[in-house]
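**Student:** Take this structure first; my questions come after.
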Amino acid sequence: MTVEMTAPYLGLSHLVRAMAQAVVKANRNAEELQNPEEMEAEAAQTWESNLRGLAERGAIKGHDWDSLGEAEWRSLDIERDVFFIDDLNDCKDFTRDGIRFVVVEEELNAREFLEAFEESVNNDPEPIDWGYWVGKMTKLSAGEAARLMAALDPDIYKELGDSPVGNDTSKARKRALNIERLAVREGREYDSPFGWLLWATEQGFQVHGGYSREVNAKKKQDDAAKALEQLPAREVAYWKNGVPKSDGIRQVTFAFAGNLSTRHFTLPQFVDEVADRLTRWQDGEYAVIEAAQVLADANPSLDAQSLVEQMEYAMHTGKLVLRQNDIPISAINLLRKRLWNRFVRAEDVNDWLTASRARYLLTYPYTQVGTAERPKELRVSDEDWKQLARTRAAEIIREERARDLYPSQEDIAYSIAKGFREQGVVGADGKPLSGATIKRHALRGISSAIGKQLSTGVSRGK
């Protein structure tokens with residue numbers, strides 16, 4: 001397995017991410033590949049634990065973040081200091097398992113690395129606590145916002161005259177001073193972190209990437225939290241009962257007719273996943289196990305698992321229609337295997353139930369809030385929706401770049417998925433197009449970082 005590093009030196013979180021992505025890439029051709037996002041999340045947990053273990057028992061060297069000098073990890077801080085590629089390739093635990101590390105610079109990751117380096121130099125030795133300044137502070141003063149947007153910690157830089165650390169921070173201090181001066185001149189005393197970001201980019205100021213990413217991630221999280229409140233209680237329970245993992249990720253288990261599906265989600269990803277499924281249900285399309293569960297929930301005398309078996313038997317005998325691209329599949333062409341994960345139309349299920357003289361029908365299980373007319377479904381071919389997605393991605397990148405913002409590929413994909421839902425755009429099979437599907441099949445090679453000029457003018461010493 002080859003691990004692609006974005007720089008010769010990487011901190012723990014960046015190295016774990018690179019190793020997890022390598023695991024997904026190495027298993028891409030597996031016959032039963034699990035969801036790539038789930039696989040990456042699980043691999044990240046495993047490799048973080050392994051790397052910590054290697055560091056604790058001295059099986060690998062570490063390097064001081066400031067000087068890059070080699071040292072034993074027991075004298076370093078694994079949350080702050082870095083791993084070096086040569087040490088990783090010399091580690092017997094990795095060479096034994098055929099794992100090698102190479103540097104493959106990717107523009108977006110390289111930019112993030114340099115921005116993190118700039119932040120460390122400016123605030124030596126501690127990085128900015130973005131979780132506090134952006135996550136908890138609903139309002140920032142002009143001075144606080146100006147310093148944060150210039151990668152300066154407001155608690156360290158009480159004044160902007162002289163550098164309080166042993167490094168040259170004159171450029172950052174001047175940028176903060178210019179931002180604060182204009183804000184005061186315009187009478188802007190306090191605003192939200194997102195409000196300051198919008199104002200600063202409109203004024204043409206260069207905003208530190210760490211600030212932009214944290215603010216946009218916070219807004220995305222807040223928007224998802226509001227969307228979560230609008231979901232049915234049963235769907236919300238899946239999230240609330242999920243097992244918290246790292247970095248806002250939860251392990252969520254969906255249960256339909258005795259079948260458990262466990263996946264890892266951030267809150268925005270979870271909301272997107274559920275919204276796609278509920279849109280599909282509203283359109284009258286259900287997986288067999290979903291249809292059985294919905295029927296059983298509405299009729300307590302029914303057993304969901306028994307219903308699945310009955311529906312599978314009915315499909316094999318031609319009594320329940322199974323379709324492919326809206327065309328009925330002949331029962332003769334159905335292999336004698338389980339069909340619980342295939343999709344059925346509500347009207348076909350109800351035709352079967354009526355013919356069977358059942359006293360119940362399959363209907364959307366939740367009360368639909370609001371009276372706004374849903375957009376007419378627009379089915380497009382695989383090639384067409386991919387082209388639509390790429391075109392929209394280019395528009396998003398252009399719009400965000402004008403504000404000096406560089407959204408991740410994942411953010412772009414989920415923005416496109418939301419737009420598709422609002423416009424009624426679905427795949428050729430009638431299924432909604434999720435953010436993960438769009439990212440995986442339409443956005444390869446597309447990056448908002450293309451054309452971004454990296455600033456390498458970070459100097460050390462007084």
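To be explicit about the labels: the chains of the structure tokens are called A, B, and onward in the order shown, and within each one the residues are counted from 1, while ligands get numbers from 1 in the order they are shown.
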Once DSSP has gone over the backbone, tell me which residues of region 243-400 of chain A are in alpha helix (DSSP H), as an MDAnalysis selection string.
**Tutor:** chainID A and resid 267:282 288:298 304:316 346:355 382:400
**Student:** Excluding same-chain residues fewer than 2 positions from region 148-163 of chain A, what lies within 6 Å of it counting only C-alpha atoms, as a compact mmCIF listing (two decimals) with C-alpha atoms, in the first residue's frame?
**Tutor:**
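See part-v2.txt below for the written result:
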```txt
# COMPACT_ATOMS: atom_id res chain seq x y z
CA GLU A 119 -0.51 30.08 12.11
CA ILE A 128 -5.38 29.26 17.46
CA GLU A 144 -10.76 40.06 17.40
CA ALA A 145 -12.01 39.36 13.88
CA ALA A 146 -9.16 41.32 12.27
CA VAL A 165 6.59 36.01 19.89
CA ALA A 172 0.22 39.58 9.53
CA ARG A 173 0.09 42.43 12.05
CA ALA A 176 -4.87 42.89 10.88
CA VAL A 207 -8.46 36.16 4.80
CA HIS A 208 -6.45 33.39 6.45
CA TYR A 211 -10.48 31.18 9.50
```
**Student:** Mind listing the strand (DSSP E or B) residues of region 144-269 of chain A, per DSSP on the backbone, as a list of chain:residue names?
**Tutor:**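 Written out, the strand (DSSP E or B) residues of region 144-269 of chain A are A:Tyr190, A:Asp191, A:Val243, A:Pro244, A:Arg250, A:Gln251, A:Val252, A:Thr253, A:Phe254, A:Ala255, A:Phe256, A:Asn259, A:Leu260, A:Ser261, A:Thr262, A:Arg263, A:His264, A:Phe265.
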**Student:** Work out how far CA of Leu267 (chain A) is from CA of Trp130 (chain A), in Å to one decimal.
**Tutor:**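 Distance between the two atoms: 18.9 Å.
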**Student:** Compile the contact shell of Lys418 (chain A) as a list of chain:residue names: residues with an atom at most 9 Å away, counting only C-alpha atoms, same-chain residues fewer than 4 positions apart removed.
**Tutor:**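 Surrounding residues, per the criterion: A:Asp272, A:Ala413, A:Tyr414, A:Glu422, A:Gln423, A:Ser434, A:Gly435.
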**Student:** Kindly save the residues from that selection, with N, CA and C atoms included, as a PDB file, in the first residue's frame.
**Tutor:**
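Here's the written file selection-v1.pdb:
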```
ATOM      1  N   ASP A 272     -28.184  15.028   4.707  1.00  0.00           N
ATOM      2  CA  ASP A 272     -28.266  14.827   3.264  1.00  0.00           C
ATOM      3  C   ASP A 272     -28.728  13.412   2.936  1.00  0.00           C
ATOM      4  N   ALA A 413     -19.826  19.173  -3.680  1.00  0.00           N
ATOM      5  CA  ALA A 413     -20.719  18.063  -4.049  1.00  0.00           C
ATOM      6  C   ALA A 413     -22.051  18.154  -3.317  1.00  0.00           C
ATOM      7  N   TYR A 414     -22.015  18.460  -2.020  1.00  0.00           N
ATOM      8  CA  TYR A 414     -23.257  18.513  -1.255  1.00  0.00           C
ATOM      9  C   TYR A 414     -24.083  19.743  -1.625  1.00  0.00           C
ATOM     10  N   GLU A 422     -33.711  20.493  -5.071  1.00  0.00           N
ATOM     11  CA  GLU A 422     -34.627  21.619  -5.210  1.00  0.00           C
ATOM     12  C   GLU A 422     -35.181  21.736  -6.629  1.00  0.00           C
ATOM     13  N   GLN A 423     -34.386  21.298  -7.615  1.00  0.00           N
ATOM     14  CA  GLN A 423     -34.808  21.390  -9.012  1.00  0.00           C
ATOM     15  C   GLN A 423     -35.503  20.123  -9.498  1.00  0.00           C
ATOM     16  N   SER A 434     -27.071  11.807  -4.417  1.00  0.00           N
ATOM     17  CA  SER A 434     -26.502  12.275  -3.150  1.00  0.00           C
ATOM     18  C   SER A 434     -25.177  12.993  -3.373  1.00  0.00           C
ATOM     19  N   GLY A 435     -24.753  13.752  -2.350  1.00  0.00           N
ATOM     20  CA  GLY A 435     -23.476  14.441  -2.426  1.00  0.00           C
ATOM     21  C   GLY A 435     -22.319  13.477  -2.612  1.00  0.00           C
TER      22      GLY A 435
END
```
**Student:** CA of Gly131 (chain A) and CA of Arg80 (chain A), how far apart in Å?
**Tutor:**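 For CA of Arg80 (chain A) relative to CA of Gly131 (chain A), the distance reads 16.2 Å.
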**Student:** Give one line per residue of region 129-244 of chain A that approaches region 254-261 of chain A to at most 12 Å, naming the two atoms of the closest pair and their distance in Å to one decimal, counting only C-alpha atoms; sort by chain then ascending residue number and deliver it as a Markdown table.
**Tutor:**
```
| residue | atom | partner | partner_atom | distance |
| --- | --- | --- | --- | --- |
| A:Arg234 | CA | A:Phe254 | CA | 10.7 |
| A:Glu235 | CA | A:Phe254 | CA | 9.2 |
| A:Val236 | CA | A:Phe254 | CA | 11.3 |
| A:Ala237 | CA | A:Phe254 | CA | 10.1 |
| A:Tyr238 | CA | A:Phe254 | CA | 6.8 |
| A:Trp239 | CA | A:Phe254 | CA | 9.5 |
| A:Asn241 | CA | A:Phe254 | CA | 10.3 |
| A:Gly242 | CA | A:Phe254 | CA | 9.7 |
```
**Student:** Give me a file of those residues, with C-alpha atoms, as an mmCIF file, in the first residue's frame.
**Tutor:**
```cif
data_model
loop_
_atom_site.group_PDB
_atom_site.id
_atom_site.type_symbol
_atom_site.label_atom_id
_atom_site.label_comp_id
_atom_site.auth_asym_id
_atom_site.auth_seq_id
_atom_site.Cartn_x
_atom_site.Cartn_y
_atom_site.Cartn_z
ATOM 1 C CA ARG A 234 -37.936 8.829 14.067
ATOM 2 C CA GLU A 235 -35.200 9.998 11.689
ATOM 3 C CA VAL A 236 -33.764 12.410 14.255
ATOM 4 C CA ALA A 237 -33.543 9.521 16.728
ATOM 5 C CA TYR A 238 -31.085 7.723 14.436
ATOM 6 C CA TRP A 239 -28.695 10.642 14.846
ATOM 7 C CA ASN A 241 -28.730 7.452 19.243
ATOM 8 C CA GLY A 242 -25.556 7.395 17.143
#
```
